[in-house]
Amino acid sequence: IPAHADDFAYSGRSNMLAWVYMRQGNVEQARDVLETGGRPLGSPRRSLLGSCMNGMCLALEGRIGQAENLFREVLAQAEGHGASYLIVSSLAAVQLGSVLYEQGDHEAACQLLERRMRLLERVAIPDTVLQAMQTIAMAHWLAGRRVEAWHWLARLEDYAKRHELARLSICALSLRLRWLQQIDDESGVEAVVQGIEQMAQRFDARDSYMSMEIQTIARHGVAVQRLHRNDFVGAHADLQALIETAKNDRNWRYRVVLLLQMAVAERGLDHQDQSRRHLIEALRLGHRYGLVRGVLDAWTDVP
């Protein structure tokens, strides 16, 4: 970066690089670029944004308590500056809400995020909106408020459709699939599976990272449907491939979910030793990365 670059260029570069590194699972690189990429005496707003992203690194490393404290600090400071800090306060609120849900405080997550959603839909990037709406919807579902949960899921689907965001659409479909399975709505399940498959057919995994993500989500949808139908042989094969992909992508949180589902498949095949091995590996990883709901929500049999 040239020496004459301004604060916007310095902080923008470090924040974008950090985001990319986090998506790749390279948390140490993300933290390094956040700590070294800023400009001395730069904008307080951009410094706060960097602090929030540093909190995201902490959360990805499983240092949940430290992440929560940092998100609370950033949120308080950003809200003290008013409307000019909306982007920062919005990101901090969503990250804090996700941490609260992960720790089991789903009511606090709802209270924090619901009153901000109208604003978030206008100012936040799609990943942040996805994270917020999923958190609210799952929190209501966990609390037994099914009408509210379906409302927020539909709102996510409407947002994705309105902005033509296929990745968000397929994420919403995946959540809808899991809920329909839990209430034994088989006709609804079939319709959602068809929707997932049709959407996946529009994308070639070789075209882009987004297309690859969509294909992975679709493959996981097939796997959980096979698990739901007690097709443990088919689910086992699908999950094995997905576990390897998650390992290669260093997506450890997703790998925890897959390992737990694999433990269920192995148990269904009466492979008790292998089931226990996958369960223990998932619990060790989950403990390392500070997961609570991420473990318990993986499948209805997991608790």
# chains A, B, ... in the order shown; residues from 1 in each chain; ligands from 1
>>> residues_around(residues="A:Leu113", least_positions_apart="5", cutoff="9 Å", atoms="only C-alpha atoms", output="list in words")
Ala93, Val94, Gly97, Ala108, Ala132, Met133, Thr135 and Ile136 of chain A
>>> residues_around(residues="A:Ala154", least_positions_apart="3", cutoff="10 Å", atoms="only C-alpha atoms", output="NGL selection string")
:A and (133 or 137 or 148-151 or 157-160 or 172-173 or 176)
>>> write_last_selection(atoms="all heavy atoms", output="short mmCIF file (atom, residue, chain, number, x, y, z; two decimals), in the first residue's frame")
data_model
loop_
_atom_site.label_atom_id
_atom_site.label_comp_id
_atom_site.auth_asym_id
_atom_site.auth_seq_id
_atom_site.Cartn_x
_atom_site.Cartn_y
_atom_site.Cartn_z
N MET A 133 -30.78 -12.64 11.34
CA MET A 133 -32.11 -13.23 11.18
C MET A 133 -32.11 -14.70 11.57
O MET A 133 -33.09 -15.20 12.15
CB MET A 133 -32.61 -13.02 9.75
CG MET A 133 -33.00 -11.60 9.45
SD MET A 133 -33.92 -11.48 7.90
CE MET A 133 -34.24 -9.71 7.82
N ALA A 137 -34.49 -16.16 14.51
CA ALA A 137 -35.41 -17.25 14.19
C ALA A 137 -35.13 -18.48 15.06
O ALA A 137 -36.06 -19.08 15.63
CB ALA A 137 -35.29 -17.60 12.71
N GLU A 148 -43.45 -16.97 15.69
CA GLU A 148 -42.41 -15.95 15.53
C GLU A 148 -41.21 -16.49 14.76
O GLU A 148 -40.62 -15.77 13.92
CB GLU A 148 -41.96 -15.44 16.90
CG GLU A 148 -43.00 -14.62 17.65
CD GLU A 148 -43.93 -15.49 18.49
OE1 GLU A 148 -43.96 -16.72 18.26
OE2 GLU A 148 -44.63 -14.93 19.35
N ALA A 149 -40.84 -17.73 15.02
CA ALA A 149 -39.70 -18.33 14.32
C ALA A 149 -39.97 -18.41 12.81
O ALA A 149 -39.11 -18.02 12.00
CB ALA A 149 -39.41 -19.72 14.88
N TRP A 150 -41.16 -18.88 12.43
CA TRP A 150 -41.50 -18.97 11.00
C TRP A 150 -41.54 -17.58 10.38
O TRP A 150 -41.14 -17.40 9.22
CB TRP A 150 -42.85 -19.66 10.82
CG TRP A 150 -42.86 -21.13 11.08
CD1 TRP A 150 -43.57 -21.79 12.03
CD2 TRP A 150 -42.12 -22.15 10.38
NE1 TRP A 150 -43.33 -23.14 11.97
CE2 TRP A 150 -42.45 -23.39 10.96
CE3 TRP A 150 -41.23 -22.12 9.32
CZ2 TRP A 150 -41.91 -24.59 10.52
CZ3 TRP A 150 -40.68 -23.32 8.87
CH2 TRP A 150 -41.03 -24.53 9.46
N HIS A 151 -42.02 -16.59 11.14
CA HIS A 151 -42.06 -15.22 10.62
C HIS A 151 -40.67 -14.72 10.26
O HIS A 151 -40.47 -14.14 9.18
CB HIS A 151 -42.69 -14.29 11.68
CG HIS A 151 -42.43 -12.83 11.42
ND1 HIS A 151 -43.11 -12.11 10.46
CD2 HIS A 151 -41.52 -11.96 11.97
CE1 HIS A 151 -42.66 -10.87 10.44
NE2 HIS A 151 -41.71 -10.75 11.34
N GLU A 157 -36.09 -15.12 3.95
CA GLU A 157 -36.31 -15.57 2.57
C GLU A 157 -36.72 -14.40 1.68
O GLU A 157 -36.27 -14.31 0.52
CB GLU A 157 -37.38 -16.67 2.56
CG GLU A 157 -36.90 -17.97 3.18
CD GLU A 157 -38.02 -18.97 3.40
OE1 GLU A 157 -39.17 -18.55 3.60
OE2 GLU A 157 -37.74 -20.18 3.39
N ASP A 158 -37.55 -13.52 2.19
CA ASP A 158 -37.99 -12.35 1.42
C ASP A 158 -36.81 -11.42 1.14
O ASP A 158 -36.67 -10.91 0.02
CB ASP A 158 -39.08 -11.61 2.18
CG ASP A 158 -39.55 -10.37 1.44
OD1 ASP A 158 -40.15 -10.53 0.36
OD2 ASP A 158 -39.31 -9.25 1.93
N TYR A 159 -35.96 -11.21 2.15
CA TYR A 159 -34.77 -10.36 1.97
C TYR A 159 -33.86 -10.95 0.89
O TYR A 159 -33.38 -10.23 0.00
CB TYR A 159 -34.04 -10.26 3.30
CG TYR A 159 -32.70 -9.54 3.23
CD1 TYR A 159 -32.62 -8.16 3.37
CD2 TYR A 159 -31.52 -10.26 3.05
CE1 TYR A 159 -31.40 -7.50 3.31
CE2 TYR A 159 -30.29 -9.61 2.99
CZ TYR A 159 -30.24 -8.23 3.12
OH TYR A 159 -29.02 -7.59 3.06
N ALA A 160 -33.63 -12.25 0.95
CA ALA A 160 -32.75 -12.90 -0.03
C ALA A 160 -33.33 -12.82 -1.43
O ALA A 160 -32.60 -12.55 -2.40
CB ALA A 160 -32.54 -14.36 0.37
N ALA A 172 -31.56 -20.26 4.09
CA ALA A 172 -32.91 -20.22 4.66
C ALA A 172 -33.66 -21.52 4.39
O ALA A 172 -34.35 -22.04 5.27
CB ALA A 172 -33.67 -19.03 4.09
N LEU A 173 -33.51 -22.05 3.20
CA LEU A 173 -34.16 -23.32 2.87
C LEU A 173 -33.64 -24.45 3.75
O LEU A 173 -34.41 -25.33 4.17
CB LEU A 173 -33.94 -23.65 1.39
CG LEU A 173 -34.81 -22.93 0.37
CD1 LEU A 173 -34.33 -23.24 -1.05
CD2 LEU A 173 -36.28 -23.31 0.53
N ARG A 176 -35.31 -24.15 7.07
CA ARG A 176 -36.71 -24.57 6.91
C ARG A 176 -36.81 -26.09 6.85
O ARG A 176 -37.71 -26.70 7.45
CB ARG A 176 -37.30 -23.93 5.64
CG ARG A 176 -38.77 -24.25 5.40
CD ARG A 176 -39.32 -23.47 4.22
NE ARG A 176 -39.51 -22.05 4.54
CZ ARG A 176 -40.60 -21.57 5.16
NH1 ARG A 176 -41.59 -22.38 5.49
NH2 ARG A 176 -40.69 -20.27 5.40
#
>>> residues_around(residues="stretch 200-212 of chain A", least_positions_apart="6", cutoff="10 Å", atoms="only C-alpha atoms", output="list in words")
Ala166, Arg167, Ile170, Gln194, Ala218 and Arg219 of chain A
>>> closest_atom_pairs(of="stretch 44-88 of chain A", to="stretch 21-36 of chain A", cutoff="12 Å", atoms="only C-alpha atoms", output="CSV")
residue,atom,partner,partner_atom,distance
A:Arg46,CA,A:Leu34,CA,11.0
A:Ser47,CA,A:Leu34,CA,9.5
A:Leu48,CA,A:Leu34,CA,11.2
A:Leu49,CA,A:Leu34,CA,10.0
A:Gly50,CA,A:Leu34,CA,6.3
A:Ser51,CA,A:Leu34,CA,8.3
A:Cys52,CA,A:Leu34,CA,10.3
A:Met53,CA,A:Leu34,CA,8.0
A:Asn54,CA,A:Arg31,CA,6.3
A:Gly55,CA,A:Arg31,CA,9.5
A:Met56,CA,A:Met22,CA,8.4
A:Cys57,CA,A:Val27,CA,5.8
A:Leu58,CA,A:Val27,CA,8.5
A:Ala59,CA,A:Val27,CA,10.0
A:Leu60,CA,A:Val27,CA,7.4
A:Glu61,CA,A:Val27,CA,7.5
A:Gly62,CA,A:Val27,CA,11.2
>>> atom_distance(atom1="atom CA of A:Thr245", atom2="atom CA of A:His220")
11.3 Å
>>> select_by_dssp(residues="stretch 8-185 of chain A", states="alpha helix (DSSP H)", output="MDAnalysis selection string")
chainID A and resid 8:23 27:36 44:60 64:80 86:102 106:114 117:123 126:142 146:162 166:182
>>> write_last_selection(atoms="C-alpha atoms", output="compact mmCIF listing (two decimals), in the first residue's frame")
# COMPACT_ATOMS: atom_id res chain seq x y z
CA PHE A 8 -9.77 4.93 4.77
CA ALA A 9 -7.46 2.96 2.48
CA TYR A 10 -5.36 1.57 5.35
CA SER A 11 -8.26 0.47 7.54
CA GLY A 12 -10.38 -0.66 4.59
CA ARG A 13 -7.58 -2.86 3.32
CA SER A 14 -6.92 -4.46 6.72
CA ASN A 15 -10.60 -5.07 7.44
CA MET A 16 -11.27 -6.62 4.01
CA LEU A 17 -8.20 -8.84 4.24
CA ALA A 18 -9.15 -9.90 7.77
CA TRP A 19 -12.65 -10.82 6.55
CA VAL A 20 -11.18 -12.96 3.76
CA TYR A 21 -8.72 -14.67 6.12
CA MET A 22 -11.49 -15.45 8.62
CA ARG A 23 -13.62 -16.99 5.86
CA VAL A 27 -7.63 -16.57 12.14
CA GLU A 28 -4.01 -15.84 13.05
CA GLN A 29 -3.47 -14.09 9.72
CA ALA A 30 -6.69 -12.15 10.21
CA ARG A 31 -5.59 -10.93 13.64
CA ASP A 32 -2.13 -10.07 12.35
CA VAL A 33 -3.45 -7.89 9.53
CA LEU A 34 -5.88 -6.17 11.92
CA GLU A 35 -3.07 -5.37 14.37
CA THR A 36 -0.52 -4.24 11.79
CA PRO A 44 -11.88 6.20 15.84
CA ARG A 45 -14.80 4.74 13.89
CA ARG A 46 -12.55 2.57 11.76
CA SER A 47 -10.53 1.59 14.82
CA LEU A 48 -13.74 0.41 16.49
CA LEU A 49 -14.65 -1.58 13.38
CA GLY A 50 -11.23 -3.24 13.55
CA SER A 51 -11.83 -4.03 17.25
CA CYS A 52 -15.16 -5.64 16.37
CA MET A 53 -13.49 -7.81 13.75
CA ASN A 54 -10.84 -8.73 16.29
CA GLY A 55 -13.73 -9.92 18.47
CA MET A 56 -14.86 -12.11 15.58
CA CYS A 57 -11.37 -13.65 15.54
CA LEU A 58 -11.64 -14.34 19.27
CA ALA A 59 -15.04 -16.00 18.80
CA LEU A 60 -13.70 -18.19 15.98
CA ILE A 64 -16.11 -16.62 23.74
CA GLY A 65 -15.94 -14.69 27.00
CA GLN A 66 -13.30 -12.31 25.65
CA ALA A 67 -15.25 -11.90 22.42
CA GLU A 68 -18.45 -11.06 24.30
CA ASN A 69 -16.70 -8.42 26.40
CA LEU A 70 -15.13 -6.83 23.33
CA PHE A 71 -18.43 -6.77 21.41
CA ARG A 72 -20.16 -5.14 24.38
CA GLU A 73 -17.41 -2.52 24.63
CA VAL A 74 -17.50 -1.70 20.92
CA LEU A 75 -21.31 -1.56 20.91
CA ALA A 76 -21.40 0.83 23.88
CA GLN A 77 -18.79 3.14 22.35
CA ALA A 78 -20.36 3.09 18.89
CA GLU A 79 -23.85 3.82 20.18
CA GLY A 80 -22.42 6.73 22.17
CA LEU A 86 -24.33 2.79 12.67
CA ILE A 87 -22.26 0.35 10.62
CA VAL A 88 -20.01 -0.39 13.59
CA SER A 89 -22.80 -0.66 16.16
CA SER A 90 -24.82 -2.92 13.84
CA LEU A 91 -21.95 -5.34 13.30
CA ALA A 92 -21.12 -5.40 17.02
CA ALA A 93 -24.77 -6.04 17.96
CA VAL A 94 -25.12 -8.96 15.55
CA GLN A 95 -21.87 -10.55 16.69
CA LEU A 96 -22.87 -10.13 20.34
CA GLY A 97 -26.30 -11.62 19.61
CA SER A 98 -24.69 -14.67 18.02
CA VAL A 99 -22.43 -15.14 21.04
CA LEU A 100 -25.38 -14.85 23.43
CA TYR A 101 -27.35 -17.45 21.46
CA GLU A 102 -24.35 -19.77 21.31
CA HIS A 106 -31.55 -16.90 23.47
CA GLU A 107 -33.90 -14.39 25.10
CA ALA A 108 -31.15 -11.79 25.40
CA ALA A 109 -30.19 -12.42 21.76
CA CYS A 110 -33.77 -11.71 20.63
CA GLN A 111 -34.06 -8.55 22.71
CA LEU A 112 -30.75 -7.26 21.38
CA LEU A 113 -31.38 -7.93 17.69
CA GLU A 114 -35.11 -7.66 16.97
CA MET A 117 -33.44 -5.48 12.31
CA ARG A 118 -35.23 -2.80 10.28
CA LEU A 119 -32.06 -0.74 10.39
CA LEU A 120 -29.79 -3.73 9.78
CA GLU A 121 -31.66 -4.59 6.59
CA ARG A 122 -30.83 -1.12 5.27
CA VAL A 123 -27.20 -0.68 6.31
CA PRO A 126 -25.86 -9.57 3.56
CA ASP A 127 -23.74 -11.91 5.72
CA THR A 128 -24.56 -9.80 8.78
CA VAL A 129 -28.29 -9.76 7.97
CA LEU A 130 -28.21 -13.54 7.47
CA GLN A 131 -26.48 -14.07 10.80
CA ALA A 132 -28.90 -11.79 12.64
CA MET A 133 -32.11 -13.23 11.18
CA GLN A 134 -30.95 -16.81 11.67
CA THR A 135 -30.09 -16.04 15.28
CA ILE A 136 -33.50 -14.48 15.97
CA ALA A 137 -35.41 -17.25 14.19
CA MET A 138 -33.52 -20.04 15.98
CA ALA A 139 -33.87 -18.28 19.34
CA HIS A 140 -37.66 -18.13 18.95
CA TRP A 141 -37.73 -21.79 17.84
CA LEU A 142 -35.68 -22.80 20.86
CA ARG A 146 -42.99 -21.29 16.50
CA VAL A 147 -45.12 -18.54 14.90
CA GLU A 148 -42.41 -15.95 15.53
CA ALA A 149 -39.70 -18.33 14.32
CA TRP A 150 -41.50 -18.97 11.00
CA HIS A 151 -42.06 -15.22 10.62
CA TRP A 152 -38.34 -14.43 10.89
CA LEU A 153 -37.41 -17.25 8.55
CA ALA A 154 -39.90 -15.94 5.98
CA ARG A 155 -38.46 -12.46 6.42
CA LEU A 156 -34.98 -13.82 5.68
CA GLU A 157 -36.31 -15.57 2.57
CA ASP A 158 -37.99 -12.35 1.42
CA TYR A 159 -34.77 -10.36 1.97
CA ALA A 160 -32.75 -12.90 -0.03
CA LYS A 161 -35.29 -12.97 -2.86
CA ARG A 162 -35.58 -9.17 -2.97
CA ALA A 166 -28.89 -17.20 -3.78
CA ARG A 167 -26.55 -18.19 -0.94
CA LEU A 168 -28.85 -16.62 1.65
CA SER A 169 -31.85 -18.28 0.00
CA ILE A 170 -30.36 -21.74 0.24
CA CYS A 171 -29.29 -21.12 3.86
CA ALA A 172 -32.91 -20.22 4.66
CA LEU A 173 -34.16 -23.32 2.87
CA SER A 174 -31.77 -25.48 4.88
CA LEU A 175 -33.13 -24.11 8.15
CA ARG A 176 -36.71 -24.57 6.91
CA LEU A 177 -35.86 -28.18 6.03
CA ARG A 178 -34.60 -28.92 9.56
CA TRP A 179 -37.68 -27.44 11.20
CA LEU A 180 -40.10 -29.27 8.90
CA GLN A 181 -38.30 -32.52 9.71
CA GLN A 182 -38.71 -31.84 13.42
>>> atom_distance(atom1="atom CA of A:Pro303", atom2="atom CA of A:Ala282")
13.0 Å
>>> atom_distance(atom1="atom CA of A:Gln261", atom2="atom CA of A:Asn230")
11.9 Å
>>> closest_residue(among="A:Gly268, A:Leu259, A:Thr216, A:Gln274", to="A:His228", atoms="only C-alpha atoms")
A:Gly268
